[in-house]
>>> print(open('work14.cif').read())   # mmCIF, C-alpha atoms
data_work
#
loop_
_atom_site.label_atom_id
_atom_site.label_comp_id
_atom_site.auth_asym_id
_atom_site.auth_seq_id
_atom_site.Cartn_x
_atom_site.Cartn_y
_atom_site.Cartn_z
CA MET Y 29 -22.11 39.27 90.77
CA PRO Y 30 -21.04 40.05 87.23
CA SER Y 31 -20.74 36.43 86.10
CA ALA Y 32 -24.35 35.78 86.88
CA ALA Y 33 -25.42 39.12 85.47
CA SER Y 34 -23.80 38.82 82.09
CA PRO Y 35 -26.07 36.12 80.69
CA ARG Y 36 -28.98 38.16 81.93
CA ILE Y 37 -27.84 41.16 79.99
CA ALA Y 38 -27.42 39.00 76.91
CA ASP Y 39 -30.94 37.67 77.40
CA LEU Y 40 -32.24 41.15 77.87
CA ILE Y 41 -30.71 42.37 74.66
CA ALA Y 42 -31.83 39.31 72.73
CA LYS Y 43 -35.36 39.65 74.06
CA ASN Y 44 -35.57 43.35 73.29
CA SER Y 45 -33.58 43.36 70.08
CA LYS Y 46 -36.54 44.55 68.02
CA SER Y 47 -37.30 47.54 70.21
CA LEU Y 48 -33.60 48.27 70.66
CA LEU Y 49 -33.15 48.43 66.91
CA ASP Y 50 -36.15 50.70 66.50
CA GLU Y 51 -35.02 53.03 69.25
CA TRP Y 52 -31.49 53.05 67.95
CA LEU Y 53 -32.62 53.82 64.42
CA ALA Y 54 -34.92 56.58 65.67
CA HIS Y 55 -32.03 57.99 67.63
CA GLN Y 56 -29.70 57.86 64.65
CA ARG Y 57 -32.23 59.48 62.36
CA LYS Y 58 -32.63 62.37 64.77
CA SER Y 59 -28.92 62.89 65.15
CA THR Y 60 -27.19 65.25 62.72
CA ALA Y 61 -24.14 62.97 62.72
CA THR Y 62 -26.01 60.37 60.70
CA ARG Y 63 -25.69 62.42 57.52
CA SER Y 64 -28.84 61.35 55.72
CA ASP Y 65 -27.45 63.20 52.70
CA LEU Y 66 -24.67 60.64 52.36
CA ILE Y 67 -26.35 57.40 53.37
CA GLY Y 68 -29.79 56.08 52.53
CA ASP Y 69 -32.27 55.16 55.24
CA SER Y 70 -32.54 51.56 54.10
CA GLU Y 71 -28.77 51.16 54.09
CA LEU Y 72 -28.56 52.64 57.59
CA ALA Y 73 -31.31 50.30 58.81
CA GLU Y 74 -29.54 47.33 57.22
CA GLN Y 75 -26.18 48.25 58.78
CA SER Y 76 -27.76 48.81 62.18
CA LYS Y 77 -29.60 45.52 62.02
CA ARG Y 78 -26.51 43.57 61.07
CA PHE Y 79 -24.38 45.25 63.72
CA LEU Y 80 -26.97 44.67 66.43
CA ALA Y 81 -27.07 40.99 65.52
CA ALA Y 82 -23.28 40.75 65.70
CA PHE Y 83 -23.34 42.71 68.95
CA GLU Y 84 -25.84 40.26 70.41
CA THR Y 85 -23.59 37.36 69.46
CA GLY Y 86 -20.72 39.07 71.19
CA VAL Y 87 -22.64 39.84 74.35
CA GLU Y 88 -24.04 36.33 74.33
CA SER Y 89 -20.50 34.94 74.65
CA GLY Y 90 -20.14 36.73 77.99
CA THR Y 91 -16.78 38.39 77.26
CA LEU Y 92 -17.71 41.98 77.75
CA ASP Y 93 -14.38 43.51 78.66
CA ASP Y 94 -12.33 42.29 75.72
CA THR Y 95 -13.40 42.77 72.11
CA THR Y 96 -10.24 41.33 70.56
CA GLY Y 97 -11.32 37.69 70.89
CA ASP Y 98 -13.02 35.38 68.39
CA GLU Y 99 -16.42 36.07 69.95
CA TRP Y 100 -16.30 39.58 68.60
CA ALA Y 101 -14.80 38.75 65.21
CA ASP Y 102 -18.11 39.23 63.41
CA ALA Y 103 -18.75 42.58 65.05
CA ARG Y 104 -15.20 43.74 64.33
CA ASP Y 105 -15.34 42.72 60.67
CA LEU Y 106 -18.69 44.37 60.25
CA LEU Y 107 -17.50 47.60 61.89
CA SER Y 108 -14.38 47.72 59.73
CA GLU Y 109 -16.52 47.22 56.66
CA ILE Y 110 -18.94 49.98 57.71
CA SER Y 111 -16.09 52.35 58.60
CA ARG Y 112 -14.42 51.69 55.27
CA SER Y 113 -17.56 52.39 53.31
CA ARG Y 114 -18.24 55.53 55.36
CA ALA Y 115 -14.70 56.78 54.92
CA THR Y 116 -15.12 56.57 51.16
CA GLN Y 117 -18.63 58.08 51.35
CA GLY Y 118 -17.15 61.19 52.93
CA PHE Y 119 -18.15 60.85 56.58
CA SER Y 120 -16.01 62.53 59.22
CA PRO Y 121 -14.38 60.33 61.89
CA THR Y 122 -16.80 61.72 64.50
CA GLU Y 123 -19.78 60.87 62.37
CA THR Y 124 -18.47 57.38 61.76
CA ALA Y 125 -17.76 56.68 65.41
CA SER Y 126 -21.14 58.03 66.49
CA PHE Y 127 -22.72 55.07 64.69
CA VAL Y 128 -21.58 52.87 67.56
CA PHE Y 129 -21.79 55.47 70.32
CA SER Y 130 -25.41 56.22 69.48
CA LEU Y 131 -26.25 52.67 70.53
CA LYS Y 132 -25.46 53.64 74.11
CA GLN Y 133 -28.64 55.64 74.54
CA PRO Y 134 -31.12 52.85 73.76
CA ILE Y 135 -29.11 50.30 75.72
CA PHE Y 136 -28.88 52.52 78.79
CA ASP Y 137 -32.59 53.24 78.53
CA LEU Y 138 -33.23 49.51 78.44
CA LEU Y 139 -31.01 48.91 81.47
CA ARG Y 140 -32.72 51.69 83.37
CA ARG Y 141 -36.12 50.20 82.66
CA GLU Y 142 -35.16 46.64 83.52
CA PHE Y 143 -33.13 47.29 86.64
CA ALA Y 144 -35.21 50.21 87.91
CA SER Y 145 -35.35 48.68 91.38
CA VAL Y 146 -31.61 48.03 91.71
CA PRO Y 147 -29.66 51.28 91.18
CA GLN Y 148 -26.39 49.56 91.98
CA GLN Y 149 -26.89 47.15 89.10
CA ILE Y 150 -27.86 49.93 86.71
CA ALA Y 151 -24.57 51.66 87.47
CA ASP Y 152 -22.53 48.44 87.06
CA GLU Y 153 -24.16 47.33 83.85
CA THR Y 154 -24.08 50.83 82.40
CA TRP Y 155 -20.38 51.03 83.10
CA ARG Y 156 -19.70 47.66 81.46
CA MET Y 157 -21.81 48.42 78.42
CA SER Y 158 -20.23 51.83 78.14
CA ARG Y 159 -16.74 50.36 78.18
CA LEU Y 160 -17.70 47.76 75.61
CA LEU Y 161 -19.22 50.28 73.23
CA ASP Y 162 -16.26 52.61 73.70
CA GLN Y 163 -13.95 49.86 72.57
CA LEU Y 164 -16.06 49.17 69.51
CA GLY Y 165 -16.27 52.88 68.79
CA LEU Y 166 -12.52 53.24 68.90
CA LEU Y 167 -12.29 50.32 66.51
CA THR Y 168 -14.40 52.18 63.97
CA THR Y 169 -12.16 55.22 64.27
CA GLN Y 170 -9.11 53.08 63.71
CA ALA Y 171 -10.61 51.40 60.67
CA PHE Y 172 -11.71 54.78 59.38
CA GLN Y 173 -8.22 56.18 59.77
CA GLN Y 174 -6.72 53.17 58.04
CA THR Y 175 -9.03 53.59 55.08
CA ARG Y 176 -8.17 57.27 54.78
CA GLU Y 177 -4.49 56.45 54.88
CA ASP Y 178 -4.95 53.85 52.15
CA ILE Y 179 -6.73 56.47 50.05
CA ILE Y 180 -3.92 58.97 50.60
CA MET Y 181 -1.30 56.38 49.68
CA ARG Y 182 -3.15 55.49 46.52
CA GLN Y 183 -3.55 59.12 45.56
CA GLN Y 184 0.15 59.74 46.11
CA GLN Y 185 0.91 56.83 43.85
CA GLU Y 186 -1.47 58.13 41.20
CA LEU Y 187 -0.03 61.61 41.49
CA LEU Y 188 3.41 60.16 40.97
CA GLU Y 189 2.31 58.42 37.82
CA LEU Y 190 0.43 61.45 36.56
CA SER Y 191 3.34 63.73 37.16
CA THR Y 192 5.71 61.95 34.82
CA PRO Y 193 4.19 61.91 31.37
CA VAL Y 194 6.69 61.09 28.67
CA VAL Y 195 5.41 62.43 25.35
CA ARG Y 196 6.60 61.66 21.89
CA LEU Y 197 7.21 64.92 20.04
CA TRP Y 198 8.50 63.55 16.78
CA ASP Y 199 9.84 60.38 15.31
CA ARG Y 200 12.67 59.39 17.69
CA VAL Y 201 12.24 62.51 19.84
CA LEU Y 202 10.75 62.29 23.33
CA ALA Y 203 9.90 65.09 25.72
CA LEU Y 204 9.46 64.95 29.46
CA PRO Y 205 7.86 68.08 30.87
CA LEU Y 206 8.58 68.15 34.58
CA VAL Y 207 6.18 70.04 36.83
CA GLY Y 208 6.67 70.47 40.54
CA THR Y 209 9.47 69.76 42.93
CA LEU Y 210 11.81 66.90 42.17
CA ASP Y 211 12.68 64.60 45.02
CA SER Y 212 14.55 61.33 45.02
CA ALA Y 213 11.46 59.11 44.77
CA ARG Y 214 10.07 61.14 41.90
CA THR Y 215 13.35 61.30 40.04
CA GLN Y 216 13.54 57.55 40.21
CA VAL Y 217 10.09 57.22 38.64
CA VAL Y 218 10.91 59.91 36.07
CA MET Y 219 14.14 58.20 35.14
CA GLU Y 220 12.56 54.79 34.87
CA SER Y 221 9.62 55.89 32.76
CA LEU Y 222 11.85 57.95 30.48
CA LEU Y 223 14.26 55.07 29.90
CA GLU Y 224 11.41 52.61 29.35
CA ARG Y 225 9.89 54.92 26.76
CA ILE Y 226 13.23 55.35 25.02
CA VAL Y 227 13.42 51.60 24.57
CA GLU Y 228 9.76 51.34 23.49
CA THR Y 229 9.92 54.09 20.90
CA GLY Y 230 13.55 53.66 19.89
CA SER Y 231 14.12 57.35 20.45
CA GLU Y 232 17.47 59.04 19.96
CA VAL Y 233 16.81 62.31 21.71
CA ALA Y 234 15.06 62.99 24.99
CA ILE Y 235 14.21 66.55 26.05
CA ILE Y 236 13.73 67.17 29.76
CA ASP Y 237 11.82 70.40 30.17
CA ILE Y 238 12.15 71.93 33.63
CA THR Y 239 10.00 75.02 33.06
CA GLY Y 240 7.61 73.78 35.75
CA VAL Y 241 10.28 73.00 38.33
CA PRO Y 242 10.13 75.87 40.84
CA THR Y 243 13.61 75.56 42.31
CA VAL Y 244 16.77 73.76 41.41
CA ASP Y 245 19.09 72.97 44.26
CA THR Y 246 22.17 70.77 44.24
CA LEU Y 247 20.08 67.68 44.88
CA VAL Y 248 17.74 68.34 41.98
CA ALA Y 249 20.70 69.14 39.74
CA GLN Y 250 22.28 65.88 40.83
CA HIS Y 251 19.10 64.01 39.93
CA LEU Y 252 18.98 65.70 36.54
CA LEU Y 253 22.60 64.80 35.85
CA LYS Y 254 21.90 61.19 36.80
CA THR Y 255 18.98 61.03 34.40
CA VAL Y 256 21.10 62.52 31.64
CA ALA Y 257 23.89 60.04 32.31
CA ALA Y 258 21.50 57.08 32.31
CA THR Y 259 19.93 58.26 29.05
CA ARG Y 260 23.35 58.50 27.49
CA LEU Y 261 24.19 54.98 28.64
CA MET Y 262 21.12 53.75 26.83
CA GLY Y 263 22.45 55.30 23.65
CA ALA Y 264 20.22 58.35 23.45
CA ASP Y 265 21.04 62.04 23.82
CA CYS Y 266 19.47 64.20 26.44
CA ILE Y 267 18.70 67.91 26.28
CA ILE Y 268 17.61 69.97 29.27
CA SER Y 269 15.35 72.85 28.37
CA GLY Y 270 13.23 75.44 30.10
CA ILE Y 271 15.97 76.79 32.32
CA ARG Y 272 14.76 80.13 33.62
CA PRO Y 273 17.25 82.96 34.16
CA GLN Y 274 17.00 82.67 37.96
CA ILE Y 275 17.65 78.96 37.77
CA ALA Y 276 20.64 79.49 35.51
CA GLN Y 277 22.00 81.88 38.14
CA THR Y 278 21.34 79.40 40.94
CA ILE Y 279 23.02 76.58 39.06
CA VAL Y 280 26.17 78.61 38.51
CA HIS Y 281 26.19 79.90 42.10
CA LEU Y 282 25.85 76.36 43.40
CA GLY Y 283 28.82 75.36 41.31
CA VAL Y 284 26.92 72.59 39.54
CA ASP Y 285 28.68 71.63 36.33
CA LEU Y 286 26.19 71.15 33.53
CA GLY Y 287 28.96 71.53 30.96
CA ALA Y 288 28.58 68.05 29.51
CA VAL Y 289 24.83 68.46 29.07
CA ILE Y 290 23.15 70.20 26.18
CA THR Y 291 21.00 72.93 27.72
CA LYS Y 292 18.52 75.21 26.00
CA ALA Y 293 16.44 78.08 27.30
CA THR Y 294 13.15 76.96 25.80
CA LEU Y 295 11.53 73.76 24.70
CA ALA Y 296 11.25 75.18 21.17
CA ASP Y 297 15.02 75.62 20.94
CA ALA Y 298 15.57 72.15 22.30
CA PHE Y 299 13.13 70.71 19.79
CA ALA Y 300 14.91 72.44 16.92
CA ILE Y 301 18.22 70.94 18.05
CA ALA Y 302 16.59 67.54 18.50
CA LEU Y 303 15.26 67.62 14.96
CA LYS Y 304 18.69 68.51 13.68
CA MET Y 305 20.22 65.65 15.66
CA THR Y 306 17.78 63.12 14.21
CA GLY Y 307 18.43 64.43 10.73
CA ALA Y 308 15.06 66.09 10.14
CA THR Y 309 14.75 69.57 8.73
CA VAL Y 310 11.91 72.01 9.02
CA THR Y 311 11.45 74.50 6.21
CA SER Y 312 8.90 77.22 5.92
CA ARG Y 313 6.76 76.78 2.81
CA SER Y 314 6.72 80.48 1.83
CA SER Y 315 10.47 80.94 2.09
CA ALA Y 316 11.09 77.66 0.26
CA GLY Y 317 8.77 78.56 -2.58
CA MET M 18 35.44 27.10 30.64
CA ASP M 19 32.74 29.41 29.30
CA ARG M 20 33.74 32.03 26.84
CA ILE M 21 31.86 34.82 25.21
CA PRO M 22 32.12 34.39 21.45
CA ILE M 23 33.65 37.21 19.42
CA LEU M 24 32.34 37.41 15.86
CA LYS M 25 34.10 39.11 13.01
CA MET M 26 32.00 41.20 10.63
CA GLY M 27 34.13 42.91 8.03
CA GLU M 28 36.42 45.28 9.83
CA PHE M 29 34.35 45.14 13.01
CA LEU M 30 34.20 42.71 15.88
CA LEU M 31 30.83 41.84 17.35
CA VAL M 32 30.38 40.67 20.93
CA THR M 33 26.96 39.80 22.24
CA ILE M 34 26.69 39.03 25.89
CA GLN M 35 23.89 36.50 26.25
CA VAL M 36 24.66 35.09 29.67
CA ASP M 37 25.00 36.50 33.14
CA MET M 38 28.39 38.13 33.34
CA HIS M 39 30.45 36.88 36.20
CA ASP M 40 33.82 38.32 37.03
CA GLN M 41 35.92 35.54 35.52
CA LEU M 42 33.95 35.67 32.28
CA ALA M 43 34.47 39.42 32.05
CA LEU M 44 38.21 39.09 32.57
CA GLN M 45 38.34 36.35 29.94
CA LEU M 46 36.42 38.55 27.51
CA GLN M 47 38.84 41.40 28.11
CA GLU M 48 41.74 39.09 27.36
CA ASP M 49 40.17 37.53 24.25
CA LEU M 50 38.90 40.78 22.82
CA THR M 51 42.15 42.69 23.06
CA GLN M 52 43.92 39.72 21.47
CA ARG M 53 41.40 39.57 18.62
CA ILE M 54 41.54 43.32 17.98
CA SER M 55 45.26 43.14 17.65
CA ASP M 56 45.18 39.93 15.52
CA GLU M 57 42.54 41.16 13.11
CA SER M 58 43.51 44.83 13.35
CA ALA M 59 39.82 45.57 13.74
CA ALA M 60 38.59 49.12 13.24
CA GLY M 61 35.67 48.88 15.60
CA VAL M 62 34.07 46.77 18.31
CA LEU M 63 30.38 46.51 19.03
CA ILE M 64 29.35 45.08 22.38
CA ASP M 65 25.67 44.24 22.68
CA ILE M 66 24.49 43.93 26.27
CA SER M 67 20.75 43.80 25.64
CA SER M 68 20.48 40.44 27.42
CA LEU M 69 22.39 41.61 30.42
CA ASP M 70 20.04 42.44 33.25
CA VAL M 71 22.29 42.35 36.28
CA VAL M 72 25.39 44.49 36.65
CA ASP M 73 27.64 45.37 39.51
CA SER M 74 30.40 47.91 39.78
CA PHE M 75 32.97 45.36 38.62
CA ILE M 76 31.15 44.59 35.37
CA GLY M 77 30.57 48.31 34.89
CA ARG M 78 34.27 48.94 35.25
CA MET M 79 35.06 46.05 32.89
CA ILE M 80 32.88 47.60 30.20
CA ALA M 81 34.66 50.93 30.63
CA ASN M 82 38.05 49.20 30.64
CA ILE M 83 37.39 47.10 27.55
CA SER M 84 36.27 50.22 25.74
CA ALA M 85 39.37 52.14 26.82
CA MET M 86 41.65 49.24 25.83
CA ALA M 87 40.07 49.00 22.40
CA GLN M 88 40.58 52.72 22.04
CA VAL M 89 44.27 52.28 22.79
CA LEU M 90 44.43 49.58 20.09
CA ASP M 91 42.82 52.10 17.72
CA ALA M 92 39.42 50.45 17.54
CA GLN M 93 36.26 52.43 18.22
CA THR M 94 33.88 50.79 20.72
CA VAL M 95 30.12 51.10 20.90
CA VAL M 96 28.05 49.54 23.67
CA THR M 97 24.49 48.86 22.57
CA GLY M 98 21.16 47.84 24.01
CA MET M 99 21.71 48.70 27.62
CA ARG M 100 18.54 48.08 29.59
CA PRO M 101 16.95 50.86 31.64
CA ALA M 102 17.51 49.02 34.91
CA VAL M 103 21.16 48.49 34.06
CA ALA M 104 21.62 52.14 33.09
CA ILE M 105 20.02 53.30 36.34
CA THR M 106 22.18 50.91 38.37
CA LEU M 107 25.38 52.10 36.74
CA VAL M 108 24.47 55.74 37.28
CA GLU M 109 23.57 55.06 40.89
CA LEU M 110 26.92 53.34 41.29
CA GLY M 111 28.48 56.56 40.07
CA MET M 112 29.73 55.09 36.80
CA SER M 113 28.52 57.06 33.83
CA LEU M 114 31.09 55.41 31.50
CA GLU M 115 32.18 58.76 30.12
CA GLY M 116 34.45 57.56 27.32
CA VAL M 117 32.12 54.85 26.06
CA HIS M 118 29.96 55.37 22.98
CA THR M 119 26.46 54.00 23.31
CA ALA M 120 23.57 53.21 20.99
CA LEU M 121 20.05 51.98 21.48
CA ASN M 122 20.31 48.79 19.44
CA VAL M 123 22.78 46.87 17.28
CA GLU M 124 21.56 48.47 14.07
CA ARG M 125 22.08 52.02 15.34
CA GLY M 126 25.31 50.90 16.94
CA MET M 127 26.63 49.71 13.57
CA THR M 128 25.69 53.02 11.95
CA LEU M 129 27.42 54.91 14.75
CA LEU M 130 30.49 52.69 14.49
CA ARG M 131 30.76 53.29 10.74
CA GLN M 132 30.52 57.03 11.34
CA LYS M 133 33.18 56.90 14.05
CA VAL M 134 35.53 54.86 11.89
CA ALA M 135 34.97 57.13 8.89
CA ALA M 136 35.63 60.24 10.97
CA PRO M 137 37.88 59.27 13.91
CA GLY M 138 37.87 61.63 16.83
CA GLY M 139 34.41 62.84 15.88
#
>>> encode(input="work14.cif", output="structure tokens")
Amino acid sequence: MPSAASPRIADLIAKNSKSLLDEWLAHQRKSTATRSDLIGDSELAEQSKRFLAAFETGVESGTLDDTTGDEWADARDLLSEISRSRATQGFSPTETASFVFSLKQPIFDLLRREFASVPQQIADETWRMSRLLDQLGLLTTQAFQQTREDIIMRQQQELLELSTPVVRLWDRVLALPLVGTLDSARTQVVMESLLERIVETGSEVAIIDITGVPTVDTLVAQHLLKTVAATRLMGADCIISGIRPQIAQTIVHLGVDLGAVITKATLADAFAIALKMTGATVTSRSSAG
Amino acid sequence: MDRIPILKMGEFLLVTIQVDMHDQLALQLQEDLTQRISDESAAGVLIDISSLDVVDSFIGRMIANISAMAQVLDAQTVVTGMRPAVAITLVELGMSLEGVHTALNVERGMTLLRQKVAAPGG
């Protein structure tokens, strides 16, 4: 009779919580999955203690086959928190999930001791506990995954910001060295940050240097043309520099018309033109004197 | 009905768009501006759109049209102060306003206008 047995199991766990915790901790310390190099013993003990308390509350409620209810809210929150912290500490998903799974051993031992005379009940209770802990274990994996995904998203965002530095070369001259492949999302960010900087600095000339762009296809060329057009609309001139010979060949083969755009082979050439456009002159001291 | 004021500064006309452009207002501006250019025989027109933060393809086309019309009436046109978001929108809409001269702010726009008037076609 499961309904009558469930409070008993709760009582059992509550009564033996101290020994359970000790056994569990001993078990975790032995296991290689605990990664004592990443997590301190006191922190592990603290986490285990808190989880066992939340687990007791959950078992106490009697709902052992469904961990999505309010009874398990504490345990779920705690597990998500632990998974999150472990994901950032550098644990693998297996190592994170084994935190919960390692609780099986002490609980099964306890069941075996208590129900030694009734094998049928050992099997039943073991099955129920196993299912319960499996669910909780899966929850940690899910939370772990979520945290990793958040980290990846954040890194992508940071990479996007890092990859579009707009530098001021001279009074009213900006340069935008592009490195890596240009896609639509990146072009949008590039365009926005370039235009923002033009307004901020009141620049008249913007140099887009594509030395670091590995390939230029029609889409990339399209993006470049858009950026040039937008810059022009703002009232600034745009120069594209760093076009490698292969890329020049590709552009012509693709039939992309860059006729309306000032293009230069190197950033140095573009800079010289930019200085001329802003009315600055560079003279060598020796030749002048 | 609302109108966008057209100010006369020497031989130039100055239009600053300070409100949200709706279609009727743009048409009215086109009407008024061409009339004023012809009345005053203005040499140049400066349109400042630094307060304009929403554009659609119609307004984009109006800007291009007004500029082309002024050109026909022998007045150089400079559009100044376009915001980044507006520039991106226009480009995404496929309107790069080829024939329109642009400048970053009114001051630069005036300098550009003087240059254009002094050396037409340049």
>>> closest_residue(input="work14.cif", among="Y:Thr116, Y:Thr91, Y:Thr246, Y:Ser64", to="Gly283 (chain Y)", atoms="all atoms listed in the file")
Y:Thr246
>>> resolve_selection(input="work14.cif", expression="the PyMOL selection byres ((chain Y) within 6 of (chain M))", output="list in words")
Leu223, Ala257, Ala258, Leu261, Met262 and Gly263 of chain Y
>>> residues_around(input="work14.cif", residues="region 37-44 of chain Y", least_positions_apart="6", cutoff="8 Å", atoms="all atoms listed in the file", output="list in words")
Glu84, Val87, Glu88 and Gly90 of chain Y
>>> resolve_selection(input="work14.cif", expression="the PyMOL selection byres ((chain Y and resi 157) around 9)", output="number ranges by chain")
Y: 92-93, 132, 135-136, 152-156, 158-162
>>> write_last_selection(input="work14.cif", atoms="C-alpha atoms", output="mmCIF file, in the frame of the given file")
data_model
loop_
_atom_site.group_PDB
_atom_site.id
_atom_site.type_symbol
_atom_site.label_atom_id
_atom_site.label_comp_id
_atom_site.auth_asym_id
_atom_site.auth_seq_id
_atom_site.Cartn_x
_atom_site.Cartn_y
_atom_site.Cartn_z
ATOM 1 C CA LEU Y 92 -17.710 41.980 77.750
ATOM 2 C CA ASP Y 93 -14.380 43.510 78.660
ATOM 3 C CA LYS Y 132 -25.460 53.640 74.110
ATOM 4 C CA ILE Y 135 -29.110 50.300 75.720
ATOM 5 C CA PHE Y 136 -28.880 52.520 78.790
ATOM 6 C CA ASP Y 152 -22.530 48.440 87.060
ATOM 7 C CA GLU Y 153 -24.160 47.330 83.850
ATOM 8 C CA THR Y 154 -24.080 50.830 82.400
ATOM 9 C CA TRP Y 155 -20.380 51.030 83.100
ATOM 10 C CA ARG Y 156 -19.700 47.660 81.460
ATOM 11 C CA SER Y 158 -20.230 51.830 78.140
ATOM 12 C CA ARG Y 159 -16.740 50.360 78.180
ATOM 13 C CA LEU Y 160 -17.700 47.760 75.610
ATOM 14 C CA LEU Y 161 -19.220 50.280 73.230
ATOM 15 C CA ASP Y 162 -16.260 52.610 73.700
#
>>> resolve_selection(input="work14.cif", expression="the PyMOL selection byres ((chain M and resi 43) around 10)", output="compact mmCIF listing (two decimals) with C-alpha atoms, in the frame of the given file")
# COMPACT_ATOMS: atom_id res chain seq x y z
CA ARG M 20 33.74 32.03 26.84
CA ILE M 21 31.86 34.82 25.21
CA ILE M 34 26.69 39.03 25.89
CA ASP M 37 25.00 36.50 33.14
CA MET M 38 28.39 38.13 33.34
CA HIS M 39 30.45 36.88 36.20
CA ASP M 40 33.82 38.32 37.03
CA GLN M 41 35.92 35.54 35.52
CA LEU M 42 33.95 35.67 32.28
CA LEU M 44 38.21 39.09 32.57
CA GLN M 45 38.34 36.35 29.94
CA LEU M 46 36.42 38.55 27.51
CA GLN M 47 38.84 41.40 28.11
CA GLU M 48 41.74 39.09 27.36
CA ASP M 49 40.17 37.53 24.25
CA PHE M 75 32.97 45.36 38.62
CA ILE M 76 31.15 44.59 35.37
CA MET M 79 35.06 46.05 32.89
CA ILE M 80 32.88 47.60 30.20
CA ILE M 83 37.39 47.10 27.55
>>> atom_distance(input="work14.cif", atom1="CA of Asp237 (chain Y)", atom2="CA of Leu206 (chain Y)")
5.9 Å
>>> residues_around(input="work14.cif", residues="Gln274 (chain Y)", least_positions_apart="3", cutoff="10 Å", atoms="all atoms listed in the file", output="PyMOL selection string")
chain Y and resi 243-244+271+277-279
>>> atom_distance(input="work14.cif", atom1="CA of Glu57 (chain M)", atom2="CA of Leu90 (chain M)")
11.1 Å
>>> atom_distance(input="work14.cif", atom1="CA of Leu110 (chain M)", atom2="CA of Leu69 (chain M)")
16.6 Å
>>> residues_around(input="work14.cif", residues="Asp69 (chain Y)", least_positions_apart="6", cutoff="12 Å", atoms="all atoms listed in the file", output="PyMOL selection string")
chain Y and resi 53-54+56-58+62-63+75-76
>>> residues_around(input="work14.cif", residues="region 27-29 of chain M", least_positions_apart="2", cutoff="10 Å", atoms="all atoms listed in the file", output="PyMOL selection string")
chain M and resi 24-25+31-32+54+57-63+92-94+127+130-131+134
>>> axis_aligned_box(input="work14.cif", around="region 183-196 of chain Y", padding_each_side="6 Å", output="AutoDock Vina command-line options")
--center_x 1.6 --center_y 60.3 --center_z 34.0 --size_x 22.2 --size_y 18.9 --size_z 36.2
>>> closest_residue(input="work14.cif", among="Y:Val284, Y:Leu303, Y:Ser113, Y:Arg214", to="Ile235 (chain Y)", atoms="all atoms listed in the file")
Y:Leu303
>>> residues_around(input="work14.cif", residues="Val289 (chain Y)", least_positions_apart="2", cutoff="8 Å", atoms="only C-alpha atoms", output="number ranges by chain")
Y: 256, 266-268, 286-287, 291
>>> build_atoms(input="work14.cif", residues="region 69-80 of chain M", atoms="N, CA and C atoms", output="PDB file, keeping the file's coordinate frame")
ATOM      1  N   LEU M  69      21.791  41.520  29.094  1.00  0.00           N
ATOM      2  CA  LEU M  69      22.390  41.610  30.420  1.00  0.00           C
ATOM      3  C   LEU M  69      21.428  42.348  31.338  1.00  0.00           C
ATOM      4  N   ASP M  70      20.950  41.687  32.384  1.00  0.00           N
ATOM      5  CA  ASP M  70      20.040  42.440  33.250  1.00  0.00           C
ATOM      6  C   ASP M  70      20.552  42.629  34.671  1.00  0.00           C
ATOM      7  N   VAL M  71      21.712  42.087  34.963  1.00  0.00           N
ATOM      8  CA  VAL M  71      22.290  42.350  36.280  1.00  0.00           C
ATOM      9  C   VAL M  71      23.716  42.867  36.093  1.00  0.00           C
ATOM     10  N   VAL M  72      24.013  44.005  36.687  1.00  0.00           N
ATOM     11  CA  VAL M  72      25.390  44.490  36.650  1.00  0.00           C
ATOM     12  C   VAL M  72      25.835  44.878  38.041  1.00  0.00           C
ATOM     13  N   ASP M  73      27.111  44.796  38.281  1.00  0.00           N
ATOM     14  CA  ASP M  73      27.640  45.370  39.510  1.00  0.00           C
ATOM     15  C   ASP M  73      28.762  46.314  39.108  1.00  0.00           C
ATOM     16  N   SER M  74      29.390  46.897  40.097  1.00  0.00           N
ATOM     17  CA  SER M  74      30.400  47.910  39.780  1.00  0.00           C
ATOM     18  C   SER M  74      31.565  47.285  39.027  1.00  0.00           C
ATOM     19  N   PHE M  75      31.853  46.013  39.299  1.00  0.00           N
ATOM     20  CA  PHE M  75      32.970  45.360  38.620  1.00  0.00           C
ATOM     21  C   PHE M  75      32.701  45.245  37.124  1.00  0.00           C
ATOM     22  N   ILE M  76      31.497  44.748  36.786  1.00  0.00           N
ATOM     23  CA  ILE M  76      31.150  44.590  35.370  1.00  0.00           C
ATOM     24  C   ILE M  76      31.120  45.966  34.688  1.00  0.00           C
ATOM     25  N   GLY M  77      30.592  46.951  35.426  1.00  0.00           N
ATOM     26  CA  GLY M  77      30.570  48.310  34.890  1.00  0.00           C
ATOM     27  C   GLY M  77      31.972  48.781  34.548  1.00  0.00           C
ATOM     28  N   ARG M  78      32.892  48.528  35.458  1.00  0.00           N
ATOM     29  CA  ARG M  78      34.270  48.940  35.250  1.00  0.00           C
ATOM     30  C   ARG M  78      34.896  48.166  34.089  1.00  0.00           C
ATOM     31  N   MET M  79      34.527  46.871  33.989  1.00  0.00           N
ATOM     32  CA  MET M  79      35.060  46.050  32.890  1.00  0.00           C
ATOM     33  C   MET M  79      34.620  46.628  31.549  1.00  0.00           C
ATOM     34  N   ILE M  80      33.373  47.040  31.463  1.00  0.00           N
ATOM     35  CA  ILE M  80      32.880  47.600  30.200  1.00  0.00           C
ATOM     36  C   ILE M  80      33.682  48.848  29.846  1.00  0.00           C
TER      37      ILE M  80
END
